[in-house]
Structure formats: C-alpha cells, structure tokens
file upload06.txt (compact mmCIF, C-alpha atoms and all ligand atoms)
# COMPACT_ATOMS: atom_id res chain seq x y z
CA MET A 77 8.23 -15.47 -5.58
CA ASN A 78 5.16 -16.87 -7.33
CA ARG A 79 1.75 -15.23 -7.24
CA ARG A 80 0.21 -17.71 -4.80
CA ARG A 81 3.08 -17.41 -2.34
CA PHE A 82 3.00 -13.64 -2.71
CA VAL A 83 -0.68 -13.45 -1.83
CA GLN A 84 -0.19 -15.78 1.11
CA SER A 85 2.83 -13.92 2.44
CA THR A 86 1.22 -10.51 1.94
CA VAL A 87 -1.84 -11.54 3.90
CA ALA A 88 0.20 -13.37 6.52
CA GLY A 89 2.70 -10.53 6.76
CA GLY A 90 0.43 -7.66 7.52
CA LEU A 91 -2.82 -7.36 5.71
CA THR A 92 -4.48 -9.61 8.27
CA LEU A 93 -4.52 -6.72 10.68
CA ALA A 94 -6.53 -4.74 8.22
CA VAL A 95 -8.78 -7.46 6.84
CA ALA A 96 -10.15 -9.40 9.82
CA PRO A 97 -12.66 -10.71 10.56
CA ARG A 98 -13.98 -11.59 7.04
CA ALA A 99 -10.69 -13.26 6.15
CA LEU A 100 -10.92 -15.34 9.31
CA LEU A 101 -14.34 -16.53 8.15
CA GLY A 102 -12.80 -17.74 4.91
CA GLN A 103 -14.32 -15.02 2.77
CA ALA A 104 -12.40 -12.91 0.28
CA PRO A 105 -10.40 -10.35 2.26
CA THR A 106 -11.47 -6.73 2.03
CA VAL A 107 -9.12 -4.03 3.27
CA MET A 108 -11.01 -1.76 5.66
CA ASN A 109 -10.15 1.81 6.46
CA SER A 110 -11.94 5.09 6.85
CA LYS A 111 -11.89 5.74 3.10
CA SER A 112 -12.39 2.06 2.13
CA VAL A 113 -9.57 2.27 -0.35
CA LYS A 114 -8.04 -0.95 -1.55
CA PRO A 115 -4.29 -0.40 -1.91
CA ALA A 116 -2.98 -0.70 -5.46
CA VAL A 117 0.23 -0.13 -7.35
CA ILE A 118 0.21 0.26 -11.13
CA ALA A 119 3.10 0.63 -13.57
CA SER A 120 4.14 0.26 -17.15
CA ALA A 121 4.57 -3.40 -18.16
CA ASN A 122 8.26 -3.49 -17.20
CA GLY A 123 7.05 -3.00 -13.62
CA ASN A 124 6.04 -6.64 -13.54
CA LYS A 125 8.90 -8.08 -15.56
CA PHE A 126 12.36 -7.19 -14.27
CA LYS A 127 13.66 -8.37 -10.88
CA ASN A 128 17.38 -7.50 -11.06
CA GLY A 129 18.19 -10.96 -9.76
CA GLY A 130 15.87 -10.61 -6.76
CA GLU A 131 12.53 -12.14 -5.88
CA MET A 132 10.12 -9.34 -6.65
CA THR A 133 9.14 -7.11 -9.51
CA CYS A 134 8.66 -3.36 -9.08
CA VAL A 135 4.91 -3.50 -8.39
CA GLN A 136 5.28 -6.42 -5.96
CA LYS A 137 8.02 -4.68 -4.05
CA ALA A 138 6.15 -1.37 -3.84
CA PHE A 139 2.88 -3.03 -2.80
CA THR A 140 4.61 -5.15 -0.17
CA MET A 141 6.46 -2.18 1.33
CA MET A 142 3.27 -0.13 1.40
CA THR A 143 1.00 -2.79 2.91
CA GLN A 144 3.33 -4.83 5.11
CA GLY A 145 6.04 -2.41 6.10
CA GLY A 146 3.86 0.67 6.37
CA ALA A 147 6.32 2.53 4.16
CA ASP A 148 5.48 5.93 2.78
CA VAL A 149 3.83 5.40 -0.61
CA LEU A 150 6.50 7.32 -2.53
CA ASP A 151 9.34 5.51 -0.76
CA ALA A 152 7.72 2.21 -1.71
CA LEU A 153 7.21 3.18 -5.36
CA ILE A 154 10.80 4.42 -5.65
CA ALA A 155 12.13 1.21 -4.11
CA GLY A 156 10.10 -0.57 -6.79
CA VAL A 157 11.43 1.41 -9.75
CA ASN A 158 14.97 1.14 -8.34
CA ILE A 159 14.77 -2.58 -9.21
CA VAL A 160 14.20 -1.69 -12.86
CA GLU A 161 16.72 1.18 -12.88
CA LEU A 162 19.41 -1.16 -11.56
CA ASP A 163 18.52 -4.15 -13.75
CA PRO A 164 20.89 -4.21 -16.75
CA LEU A 165 18.30 -6.19 -18.71
CA ASP A 166 15.88 -3.27 -19.03
CA ASP A 167 17.60 -1.09 -21.59
CA SER A 168 15.11 1.76 -21.31
CA VAL A 169 15.67 2.83 -17.71
CA GLY A 170 18.66 3.64 -15.48
CA TYR A 171 21.81 1.52 -15.68
CA GLY A 172 22.15 -0.02 -19.14
CA GLY A 173 19.57 2.35 -20.67
CA LEU A 174 20.09 2.97 -24.38
CA PRO A 175 22.41 5.99 -24.65
CA ASN A 176 22.18 9.26 -26.59
CA ALA A 177 23.67 9.79 -30.07
CA ASP A 178 27.14 10.26 -28.53
CA GLY A 179 26.89 6.96 -26.64
CA VAL A 180 26.31 8.61 -23.27
CA VAL A 181 23.48 7.41 -21.00
CA GLN A 182 21.45 10.46 -19.93
CA LEU A 183 18.57 9.89 -17.54
CA ASP A 184 15.36 11.77 -16.65
CA SER A 185 13.07 11.25 -13.66
CA CYS A 186 10.50 12.94 -11.48
CA CYS A 187 8.35 12.04 -8.53
CA MET A 188 5.32 13.60 -6.89
CA HIS A 189 3.97 13.14 -3.38
CA GLY A 190 0.20 13.67 -3.14
CA PRO A 191 -0.24 14.23 0.61
CA LYS A 192 2.87 16.42 0.89
CA ARG A 193 2.02 18.32 -2.31
CA ARG A 194 5.71 18.23 -3.22
CA ALA A 195 7.58 17.08 -6.30
CA GLY A 196 11.15 16.82 -7.53
CA GLY A 197 12.88 16.00 -10.77
CA VAL A 198 16.18 15.62 -12.60
CA ALA A 199 16.84 15.69 -16.31
CA CYS A 200 19.78 14.74 -18.46
CA ILE A 201 21.68 13.45 -15.45
CA GLU A 202 24.71 11.23 -16.16
CA GLY A 203 26.53 8.70 -14.00
CA VAL A 204 23.82 7.90 -11.40
CA ARG A 205 22.03 4.57 -11.75
CA THR A 206 18.96 5.60 -9.76
CA PRO A 207 17.83 9.06 -10.92
CA SER A 208 14.48 8.56 -9.15
CA LEU A 209 16.30 8.79 -5.81
CA VAL A 210 17.99 12.01 -6.91
CA ALA A 211 14.57 13.37 -7.97
CA LYS A 212 13.26 12.54 -4.49
CA ALA A 213 16.24 14.33 -2.94
CA VAL A 214 15.45 17.41 -5.06
CA MET A 215 11.90 17.22 -3.70
CA GLU A 216 12.94 16.77 -0.08
CA GLN A 217 16.09 18.81 0.19
CA THR A 218 15.67 21.81 -2.08
CA ASP A 219 13.17 24.55 -2.79
CA HIS A 220 13.25 23.62 -6.50
CA HIS A 221 11.54 21.12 -8.70
CA LEU A 222 13.95 20.38 -11.53
CA ILE A 223 17.75 20.20 -11.66
CA VAL A 224 19.42 19.24 -14.93
CA GLY A 225 22.67 18.07 -16.50
CA LYS A 226 25.95 18.72 -14.74
CA GLY A 227 24.15 20.54 -11.94
CA ALA A 228 22.05 17.46 -11.23
CA GLN A 229 25.13 15.27 -11.17
CA GLU A 230 26.96 17.64 -8.81
CA PHE A 231 23.87 17.80 -6.60
CA ALA A 232 23.84 13.99 -6.46
CA ARG A 233 27.60 13.83 -5.81
CA GLY A 234 27.18 16.25 -2.94
CA LEU A 235 24.60 13.96 -1.37
CA GLY A 236 26.92 10.97 -1.60
CA PHE A 237 25.44 9.23 -4.64
CA LYS A 238 27.98 7.10 -6.48
CA ILE A 239 28.91 8.79 -9.78
CA GLU A 240 30.08 6.43 -12.50
CA ASP A 241 31.94 7.31 -15.69
CA ASP A 242 29.70 5.19 -17.89
CA LEU A 243 26.29 3.61 -17.34
CA ASN A 244 26.41 1.56 -20.54
CA THR A 245 26.30 -2.21 -20.38
CA GLU A 246 27.92 -4.35 -23.04
CA HIS A 247 24.47 -4.69 -24.64
CA SER A 248 23.56 -0.98 -24.68
CA ARG A 249 26.99 -0.07 -26.11
CA LYS A 250 26.78 -2.75 -28.78
CA VAL A 251 23.32 -1.66 -29.95
CA TRP A 252 24.42 2.00 -29.99
CA LEU A 253 27.49 1.17 -32.08
CA GLU A 254 25.30 -0.69 -34.56
CA TRP A 255 22.94 2.29 -34.77
CA LYS A 256 25.92 4.62 -35.32
CA ARG A 257 27.27 2.40 -38.02
CA ARG A 258 23.93 2.52 -39.84
CA MET A 259 23.19 6.19 -39.42
CA ASP A 260 25.96 8.66 -38.80
CA PRO A 261 24.30 11.29 -36.60
CA SER A 262 27.11 13.79 -37.15
CA HIS A 263 25.64 14.58 -40.56
CA TYR A 264 22.50 15.97 -38.92
CA LEU A 265 20.27 15.67 -41.97
CA ASP A 266 17.44 18.13 -42.37
CA PRO A 267 14.70 17.34 -39.83
CA GLU A 268 12.40 15.51 -42.24
CA LYS A 269 15.15 13.35 -43.75
CA ARG A 270 16.63 12.74 -40.34
CA ALA A 271 13.30 11.57 -38.90
CA GLU A 272 12.76 9.32 -41.91
CA ALA A 273 16.27 7.86 -41.68
CA ARG A 274 15.81 7.32 -37.96
CA ARG A 275 12.55 5.47 -38.45
CA LYS A 276 14.07 3.33 -41.20
CA VAL A 277 17.08 2.33 -39.09
CA MET A 278 14.90 1.62 -36.06
CA ARG A 279 12.50 -0.49 -38.17
CA GLU A 280 15.45 -2.46 -39.53
CA MET A 281 16.93 -3.01 -36.09
CA VAL A 282 13.56 -4.08 -34.65
CA ALA A 283 13.04 -6.47 -37.59
CA GLU A 284 16.48 -7.95 -36.98
CA GLY A 285 15.70 -8.50 -33.31
CA MET A 286 18.33 -5.99 -32.11
CA LEU A 287 15.90 -3.55 -30.58
CA ASP A 288 12.79 -4.10 -28.47
CA PRO A 289 10.20 -1.72 -30.01
CA ARG A 290 8.79 -1.05 -26.53
CA HIS A 291 12.18 0.28 -25.45
CA ILE A 292 12.71 2.93 -28.13
CA TYR A 293 11.16 5.48 -25.79
CA GLY A 294 11.46 3.15 -22.81
CA THR A 295 10.58 4.40 -19.34
CA ILE A 296 8.86 3.12 -16.23
CA ASN A 297 6.00 4.97 -14.59
CA CYS A 298 4.69 3.68 -11.25
CA ASP A 299 1.79 5.05 -9.19
CA GLY A 300 0.28 3.84 -5.94
CA ILE A 301 -2.42 4.38 -3.35
CA ASN A 302 -2.35 2.97 0.17
CA ALA A 303 -5.19 2.01 2.50
CA LYS A 304 -5.28 5.57 3.87
CA GLY A 305 -5.91 6.87 0.35
CA GLU A 306 -2.47 8.46 0.04
CA ILE A 307 -1.42 8.73 -3.62
CA CYS A 308 2.07 9.19 -5.11
CA GLY A 309 3.86 8.56 -8.41
CA VAL A 310 7.29 8.33 -10.03
CA THR A 311 8.59 8.14 -13.59
CA THR A 312 12.15 7.31 -14.61
CA THR A 313 13.77 6.73 -18.01
CA SER A 314 16.83 6.79 -20.22
CA GLY A 315 14.56 8.53 -22.73
CA LEU A 316 14.52 8.21 -26.48
CA ALA A 317 17.21 5.87 -27.75
CA TRP A 318 20.08 7.76 -29.44
CA LYS A 319 18.50 11.14 -28.80
CA ILE A 320 20.33 14.36 -29.62
CA PRO A 321 22.50 14.92 -26.52
CA GLY A 322 20.66 17.12 -24.06
CA ARG A 323 17.19 16.13 -25.30
CA VAL A 324 14.75 15.92 -22.41
CA GLY A 325 11.51 14.00 -22.84
CA ASP A 326 8.24 14.07 -20.98
CA SER A 327 9.30 11.89 -18.02
CA PRO A 328 10.73 14.57 -15.68
CA ILE A 329 8.13 17.20 -16.61
CA LEU A 330 5.21 17.57 -14.23
CA GLY A 331 1.90 17.30 -16.04
CA ALA A 332 3.49 15.34 -18.88
CA GLY A 333 5.35 12.21 -17.75
CA LEU A 334 3.69 12.30 -14.32
CA TYR A 335 1.08 14.17 -12.38
CA VAL A 336 -0.43 13.52 -8.96
CA ASP A 337 -3.21 15.27 -7.12
CA GLY A 338 -3.48 13.68 -3.70
CA GLU A 339 -7.26 14.16 -3.60
CA ILE A 340 -7.96 12.96 -7.15
CA GLY A 341 -5.42 10.49 -8.49
CA ALA A 342 -2.21 9.96 -10.44
CA ALA A 343 -1.28 9.50 -14.07
CA GLY A 344 1.95 8.80 -15.93
CA SER A 345 3.19 7.90 -19.35
CA THR A 346 5.55 5.87 -21.49
CA GLY A 347 6.09 6.27 -25.22
CA ARG A 348 6.76 9.25 -27.49
CA GLY A 349 7.51 12.02 -25.03
CA GLU A 350 7.21 14.88 -27.51
CA ALA A 351 3.58 13.97 -28.25
CA ASN A 352 2.83 13.95 -24.55
CA LEU A 353 4.66 17.22 -23.90
CA TYR A 354 2.59 19.04 -26.52
CA ASN A 355 -0.57 17.96 -24.72
CA LEU A 356 0.43 17.64 -21.02
CA CYS A 357 -1.57 14.44 -20.85
CA SER A 358 -0.89 13.37 -17.26
CA PHE A 359 -2.34 16.66 -16.08
CA LEU A 360 -5.22 16.27 -18.52
CA ILE A 361 -5.96 12.76 -17.22
CA VAL A 362 -5.97 13.88 -13.58
CA GLU A 363 -8.24 16.81 -14.46
CA ASN A 364 -10.54 14.43 -16.37
CA MET A 365 -10.70 12.23 -13.26
CA ARG A 366 -11.49 15.32 -11.19
CA ARG A 367 -14.53 15.81 -13.42
CA GLY A 368 -15.62 12.27 -12.62
CA MET A 369 -14.21 10.25 -15.49
CA HIS A 370 -13.05 6.70 -14.79
CA PRO A 371 -9.24 6.31 -15.21
CA LYS A 372 -9.80 4.40 -18.46
CA ASP A 373 -11.97 7.08 -20.05
CA ALA A 374 -9.68 9.81 -18.75
CA GLY A 375 -6.67 8.09 -20.37
CA LEU A 376 -8.42 7.38 -23.67
CA ASP A 377 -9.40 11.04 -23.83
CA ALA A 378 -5.69 11.93 -23.60
CA CYS A 379 -4.93 9.54 -26.49
CA LYS A 380 -7.69 11.24 -28.49
CA ARG A 381 -6.16 14.64 -27.75
CA ILE A 382 -2.79 13.44 -29.02
CA LYS A 383 -4.34 11.96 -32.14
CA ALA A 384 -6.19 15.22 -32.87
CA ASN A 385 -3.03 17.27 -32.42
CA THR A 386 -0.83 15.00 -34.54
CA VAL A 387 -1.05 16.63 -37.95
CA GLU A 388 2.49 16.67 -39.35
CA LYS A 389 2.91 14.22 -42.22
CA ARG A 390 6.17 12.84 -40.79
CA LEU A 391 4.24 11.71 -37.70
CA LEU A 392 1.41 9.99 -39.59
CA ASN A 393 1.24 6.47 -40.98
CA SER A 394 -0.28 5.41 -44.29
CA LYS A 395 -3.75 5.53 -42.70
CA GLY A 396 -3.25 9.11 -41.53
CA LYS A 397 -3.00 8.03 -37.88
CA PRO A 398 -0.08 8.64 -35.44
CA ASN A 399 2.95 6.55 -36.41
CA PHE A 400 4.11 6.19 -32.80
CA GLY A 401 3.01 4.47 -29.63
CA ILE A 402 2.12 6.12 -26.36
CA ASN A 403 0.64 4.63 -23.18
CA PHE A 404 -0.89 6.12 -20.05
CA TYR A 405 -1.38 4.61 -16.59
CA ALA A 406 -3.99 6.15 -14.32
CA LEU A 407 -5.18 5.57 -10.79
CA ASN A 408 -7.94 7.42 -8.92
CA ALA A 409 -8.59 8.11 -5.24
CA LYS A 410 -11.04 5.19 -5.06
CA GLY A 411 -8.23 2.82 -6.04
CA GLU A 412 -9.65 2.27 -9.57
CA TYR A 413 -7.01 2.09 -12.28
CA ALA A 414 -6.40 1.55 -15.98
CA GLY A 415 -3.70 1.34 -18.64
CA VAL A 416 -4.50 2.78 -22.05
CA SER A 417 -2.58 2.97 -25.31
CA MET A 418 -2.83 4.46 -28.78
CA TYR A 419 -2.73 0.99 -30.41
CA PRO A 420 -3.48 -2.60 -29.34
CA GLY A 421 -0.69 -4.78 -27.96
CA ALA A 422 0.52 -2.72 -25.00
CA SER A 423 0.17 -3.96 -21.43
CA TYR A 424 0.57 -2.61 -17.92
CA ALA A 425 1.47 -3.96 -14.49
CA VAL A 426 -0.65 -3.91 -11.37
CA CYS A 427 -0.33 -5.28 -7.85
CA THR A 428 -3.26 -5.48 -5.43
CA GLU A 429 -4.10 -7.85 -2.63
CA LYS A 430 -4.60 -10.42 -5.43
CA GLY A 431 -0.88 -10.24 -6.23
CA PRO A 432 0.99 -8.95 -9.28
CA GLU A 433 -0.55 -9.11 -12.74
CA THR A 434 0.20 -7.92 -16.24
CA LEU A 435 -2.96 -6.72 -17.98
CA PRO A 436 -3.70 -5.49 -21.50
CA CYS A 437 -3.98 -1.74 -22.04
CA GLU A 438 -7.21 -0.46 -23.54
CA PRO A 439 -6.33 0.84 -27.02
CA LEU A 440 -7.89 3.94 -28.63
CA LEU A 441 -7.30 2.86 -32.23
CA GLU A 442 -7.22 -0.34 -34.22
CA GLY A 443 -4.26 -1.32 -36.35
CA LYS A 444 -0.58 -0.58 -35.86
CA ALA A 445 1.55 2.51 -35.56
CA ASP A 446 3.78 1.54 -38.48
CA GLU A 447 1.23 0.37 -41.07
N1 LIG B 501 8.59 8.90 -22.65
C1 LIG B 501 9.97 8.88 -22.58
C2 LIG B 501 10.63 9.84 -23.43
O1 LIG B 501 10.09 10.26 -24.45
O2 LIG B 501 11.75 10.23 -23.12
call {"tool": "encode", "arguments": {"input": "upload06.txt", "output": "structure tokens"}}
result
Amino acid sequence: MNRRRFVQSTVAGGLTLAVAPRALLGQAPTVMNSKSVKPAVIASANGNKFKNGGEMTCVQKAFTMMTQGGADVLDALIAGVNIVELDPLDDSVGYGGLPNADGVVQLDSCCMHGPKRRAGGVACIEGVRTPSLVAKAVMEQTDHHLIVGKGAQEFARGLGFKIEDDLNTEHSRKVWLEWKRRMDPSHYLDPEKRAEARRKVMREMVAEGMLDPRHIYGTINCDGINAKGEICGVTTTSGLAWKIPGRVGDSPILGAGLYVDGEIGAAGSTGRGEANLYNLCSFLIVENMRRGMHPKDAGLDACKRIKANTVEKRLLNSKGKPNFGINFYALNAKGEYAGVSMYPGASYAVCTEKGPETLPCEPLLEGKADE
C-alpha cells in the first residue's frame, strides 16, 4: 500500500470519527481527545522496510490497528513486529535471524504495557518464530518477567506455540557457515584476540557484501501511543550474530532494550547490547524525559553516557571514540518522538496520521564507528 492510499484509507477507515469537523472543512486533520495526543508509532528502520509478502510494514500495521481497529496499543505493536519476525528477509529478528556460534537461532524479546504497568520477556528461546508473543504471554499469564532457554521453549510449547527444530533460512545458514569457515569459534581465543578476529571477519564479510552492517546486532524496537495517551513498547531480536551460545543482549532486559512508563514515555534500542546494558539507557532516556527533556535530547544524553563509559581500547576506534553503533528510539506522552544514534547514517521508522516514513536519526558524533 502506498503512502497516499494509506493516509486516505486510515482517515476513511476510522480517524474521521476523531477528526471531524476540521477535516470536513478541508483543513489538515487533527486528532482530538481529552489529552490531545496525536497517535504515533515509532520503530527501528526495519519497521518501515519488511512486509513479509503483505501490504504493510510494521509501523503501518501497528498504527492502523491502533487507530482504526481500536486495538490495545501493545497488541498492535506486537502484530507489527510479528511481520518482521516472520519475514525471512530480515536476518536480525525472529525466523531467519543470524544464528549463534553453533548455528542455532536463539531469540530475545520483551514487551511493556504502560497502562497495565506489566511487562514480560523471554531470552535465548529456540524454535519459536515470534518470541514477542511469548514475551506477552509471560506478561499476561505468569507472575514473572523473564523466562529463558529451555524453560521459555517449554512454556511456549505448553501454550500451543509451534516449536520448530531450526529457524535458519538458507541465507542465515550460508552466512553462518562462511563465518565459521573464516573463524573457528571452537578455539576460543583470548578475549582481546577473539574480539579483534571477530571484528576483522565481520569487516571482511561486510566489505564483500555478505553481511548487512546494520544486522550484526540486528533487532527491532517498536513503541506507540494512542489517542488516549496509552503508551507501550516491544523489542525483539536474534541478537548478536554468531554470539557465544547462551549470550543474552539488551533486548529482553527492562531498562536496557526497552522501558516504558505509561505517564512519561517509552524508549528502546538497537545496536551493541553490551554497551546499553552497562548503562541501562532506555531507563535513562525515560527518566530524562520525566525531567522534561525532549525525546531527542534524552536519547542523545544516553549516547553521551555510553561514550563516556566506553574506555577499553578494544572498543575504541583510531579517534578514541566507540567503535560500534547504537541507536535509541524515544517517544513521550505528548506524542513527540525521536531516533538518535552514535554516528550519522542510521534511520528510524515512524507512522502518524501522515502515513509511514523513514527518517534520519540524530547522531551524537561525527565520523564513523570503524575509522
Ligand atoms: N541489541 C541487540 C543485542 O545486542 O542483542
């Protein structure tokens, strides 16, 4: 569906109830409600790219469900990220995500519901294409937040989720085999040499067009606010490509890969999870917004915190700056939003009543991670 048709169908399909009479007078529609919040859905850039053979991207789907169908915000966001989880072409999320060092796809996800003040997560789960739905089930059906590994898979099996032996696609298996051929992980070099070898192999594979640099850490984060001002968020990922089996990144950890305060806003992340975990940036961003910062300033402050706390030589480039990328997506209770990144070149997805867009992230630094 193109942007023009989307805007027309969104307005025709439901927003008219909320926007009259200005729209009837031919003026730009303004959604009216007690809080005067304009609904918005934001996501990492893959949220406005993959369609899994359907008509809509993640942000379009979530926005449409929220505004036309009256769906719960979290249900809408999860339906959106399900598109990306199920799409074999995104090799950083769900089915077809780049596997761990043993060639096994292990997935992490969490979700948070602002109005309900509930959250759920799974980590290192195998065999389920849509870990975000399992995370939601943890939220809704247990007294816990996080279930991991075999336990998460058994929990999902018990609820009737389809468990598959292998979530690799031909592409993800082929790229993993090439990585294995170039760098035998069974030698487990000392940490410094291993990190250096890993960077070298990844650089080579990116240069040869085998690996999308944005998908090394992968992930989709998606956050939304509806006309009633209800805020939710979800993050889902296959994590770091070829990670040590069992490695869990920032995505399923509240305060790191995602944080939502229903009165303040939501924030989530993609990129180097370890850097985010050391600084709990999604929590930091929401707390910054609580103190009145705009989402953009709140996110840039998190990038600054990461930069200040990145001191190990192996994590610095020739200019003494972080040698990795990290992005944050933030949305406040007024419906203002931003995407920010450590370096220029990153983008993020948004869908409002104007339709879906991909916008540039605001970078903290100049230059490139790998200079
Ligand atoms: N941010 C995704 C990960 O590090 O696993």
call {"tool": "closest_residue", "arguments": {"input": "upload06.txt", "among": "A:Lys444, A:Lys319, A:Arg381, A:Arg367", "to": "ligand LIG 501 (chain B)", "atoms": "all atoms listed in the file"}}
result
A:Lys319
call {"tool": "atom_distance", "arguments": {"input": "upload06.txt", "atom1": "atom CA of A:Ile154", "atom2": "atom CA of A:Ser208"}}
result
6.6 Å
call {"tool": "residues_near_ligand", "arguments": {"input": "upload06.txt", "ligand": "ligand LIG 501 (chain B)", "cutoff": "10 Å", "atoms": "only C-alpha atoms and all ligand atoms", "output": "NGL selection string"}}
result
:A and (168-169 or 183-185 or 291-297 or 311-317 or 319 or 323-328 or 332-333 or 344-353 or 401-403)
call {"tool": "residues_around", "arguments": {"input": "upload06.txt", "residues": "stretch 234-251 of chain A", "least_positions_apart": "3", "cutoff": "10 Å", "atoms": "all atoms listed in the file", "output": "number ranges by chain"}}
result
A: 164-168, 170-175, 179-183, 202-207, 209-210, 213, 217, 228-231, 254-257, 281, 286-287, 317-318
call {"tool": "write_last_selection", "arguments": {"input": "upload06.txt", "atoms": "C-alpha atoms", "output": "compact mmCIF listing (two decimals), in the frame of the given file"}}
result
# COMPACT_ATOMS: atom_id res chain seq x y z
CA PRO A 164 20.89 -4.21 -16.75
CA LEU A 165 18.30 -6.19 -18.71
CA ASP A 166 15.88 -3.27 -19.03
CA ASP A 167 17.60 -1.09 -21.59
CA SER A 168 15.11 1.76 -21.31
CA GLY A 170 18.66 3.64 -15.48
CA TYR A 171 21.81 1.52 -15.68
CA GLY A 172 22.15 -0.02 -19.14
CA GLY A 173 19.57 2.35 -20.67
CA LEU A 174 20.09 2.97 -24.38
CA PRO A 175 22.41 5.99 -24.65
CA GLY A 179 26.89 6.96 -26.64
CA VAL A 180 26.31 8.61 -23.27
CA VAL A 181 23.48 7.41 -21.00
CA GLN A 182 21.45 10.46 -19.93
CA LEU A 183 18.57 9.89 -17.54
CA GLU A 202 24.71 11.23 -16.16
CA GLY A 203 26.53 8.70 -14.00
CA VAL A 204 23.82 7.90 -11.40
CA ARG A 205 22.03 4.57 -11.75
CA THR A 206 18.96 5.60 -9.76
CA PRO A 207 17.83 9.06 -10.92
CA LEU A 209 16.30 8.79 -5.81
CA VAL A 210 17.99 12.01 -6.91
CA ALA A 213 16.24 14.33 -2.94
CA GLN A 217 16.09 18.81 0.19
CA ALA A 228 22.05 17.46 -11.23
CA GLN A 229 25.13 15.27 -11.17
CA GLU A 230 26.96 17.64 -8.81
CA PHE A 231 23.87 17.80 -6.60
CA GLU A 254 25.30 -0.69 -34.56
CA TRP A 255 22.94 2.29 -34.77
CA LYS A 256 25.92 4.62 -35.32
CA ARG A 257 27.27 2.40 -38.02
CA MET A 281 16.93 -3.01 -36.09
CA MET A 286 18.33 -5.99 -32.11
CA LEU A 287 15.90 -3.55 -30.58
CA ALA A 317 17.21 5.87 -27.75
CA TRP A 318 20.08 7.76 -29.44
call {"tool": "residues_around", "arguments": {"input": "upload06.txt", "residues": "stretch 368-370 of chain A", "least_positions_apart": "6", "cutoff": "10 Å", "atoms": "only C-alpha atoms", "output": "list in words"}}
result
Ile340, Ile361, Val362, Asp377, Ala406, Leu407, Asn408, Glu412, Tyr413 and Ala414 of chain A
call {"tool": "closest_atom_pairs", "arguments": {"input": "upload06.txt", "of": "stretch 282-377 of chain A", "to": "stretch 188-201 of chain A", "cutoff": "7 Å", "atoms": "all atoms listed in the file", "output": "JSON lines"}}
result
{"residue": "A:Glu306", "atom": "CA", "partner": "A:Pro191", "partner_atom": "CA", "distance": 6.2}
{"residue": "A:Ile307", "atom": "CA", "partner": "A:Gly190", "partner_atom": "CA", "distance": 5.2}
{"residue": "A:Cys308", "atom": "CA", "partner": "A:His189", "partner_atom": "CA", "distance": 4.7}
{"residue": "A:Gly309", "atom": "CA", "partner": "A:Met188", "partner_atom": "CA", "distance": 5.5}
{"residue": "A:Val310", "atom": "CA", "partner": "A:Met188", "partner_atom": "CA", "distance": 6.4}
{"residue": "A:Gly322", "atom": "CA", "partner": "A:Cys200", "partner_atom": "CA", "distance": 6.1}
{"residue": "A:Val324", "atom": "CA", "partner": "A:Ala199", "partner_atom": "CA", "distance": 6.5}
{"residue": "A:Pro328", "atom": "CA", "partner": "A:Gly197", "partner_atom": "CA", "distance": 5.5}
{"residue": "A:Tyr335", "atom": "CA", "partner": "A:Met188", "partner_atom": "CA", "distance": 7.0}
{"residue": "A:Val336", "atom": "CA", "partner": "A:Gly190", "partner_atom": "CA", "distance": 5.9}
{"residue": "A:Asp337", "atom": "CA", "partner": "A:Gly190", "partner_atom": "CA", "distance": 5.5}
{"residue": "A:Gly338", "atom": "CA", "partner": "A:Gly190", "partner_atom": "CA", "distance": 3.7}
call {"tool": "closest_residue", "arguments": {"input": "upload06.txt", "among": "A:Ile118, A:Leu376, A:Ile320, A:Ala409", "to": "A:Lys304", "atoms": "all atoms listed in the file"}}
result
A:Ala409
call {"tool": "atom_distance", "arguments": {"input": "upload06.txt", "atom1": "atom CA of A:Glu388", "atom2": "atom CA of A:Tyr354"}}
result
13.0 Å
call {"tool": "atom_distance", "arguments": {"input": "upload06.txt", "atom1": "atom CA of A:Met141", "atom2": "atom CA of A:Asn122"}}
result
18.7 Å
call {"tool": "closest_residue", "arguments": {"input": "upload06.txt", "among": "A:Gly341, A:Thr428, A:Gly225, A:Tyr419", "to": "A:Gly443", "atoms": "only C-alpha atoms"}}
result
A:Tyr419
call {"tool": "residues_around", "arguments": {"input": "upload06.txt", "residues": "A:Lys389", "least_positions_apart": "2", "cutoff": "12 Å", "atoms": "only C-alpha atoms", "output": "PDB file with C-alpha atoms, in the coordinates of the input"}}
result
ATOM      1  CA  GLU A 268      12.400  15.510 -42.240  1.00  0.00           C
ATOM      2  CA  ALA A 271      13.300  11.570 -38.900  1.00  0.00           C
ATOM      3  CA  GLU A 272      12.760   9.320 -41.910  1.00  0.00           C
ATOM      4  CA  ASN A 385      -3.030  17.270 -32.420  1.00  0.00           C
ATOM      5  CA  THR A 386      -0.830  15.000 -34.540  1.00  0.00           C
ATOM      6  CA  VAL A 387      -1.050  16.630 -37.950  1.00  0.00           C
ATOM      7  CA  LEU A 391       4.240  11.710 -37.700  1.00  0.00           C
ATOM      8  CA  LEU A 392       1.410   9.990 -39.590  1.00  0.00           C
ATOM      9  CA  ASN A 393       1.240   6.470 -40.980  1.00  0.00           C
ATOM     10  CA  SER A 394      -0.280   5.410 -44.290  1.00  0.00           C
ATOM     11  CA  LYS A 395      -3.750   5.530 -42.700  1.00  0.00           C
ATOM     12  CA  GLY A 396      -3.250   9.110 -41.530  1.00  0.00           C
ATOM     13  CA  LYS A 397      -3.000   8.030 -37.880  1.00  0.00           C
ATOM     14  CA  PRO A 398      -0.080   8.640 -35.440  1.00  0.00           C
ATOM     15  CA  ASN A 399       2.950   6.550 -36.410  1.00  0.00           C
TER      16      ASN A 399
END
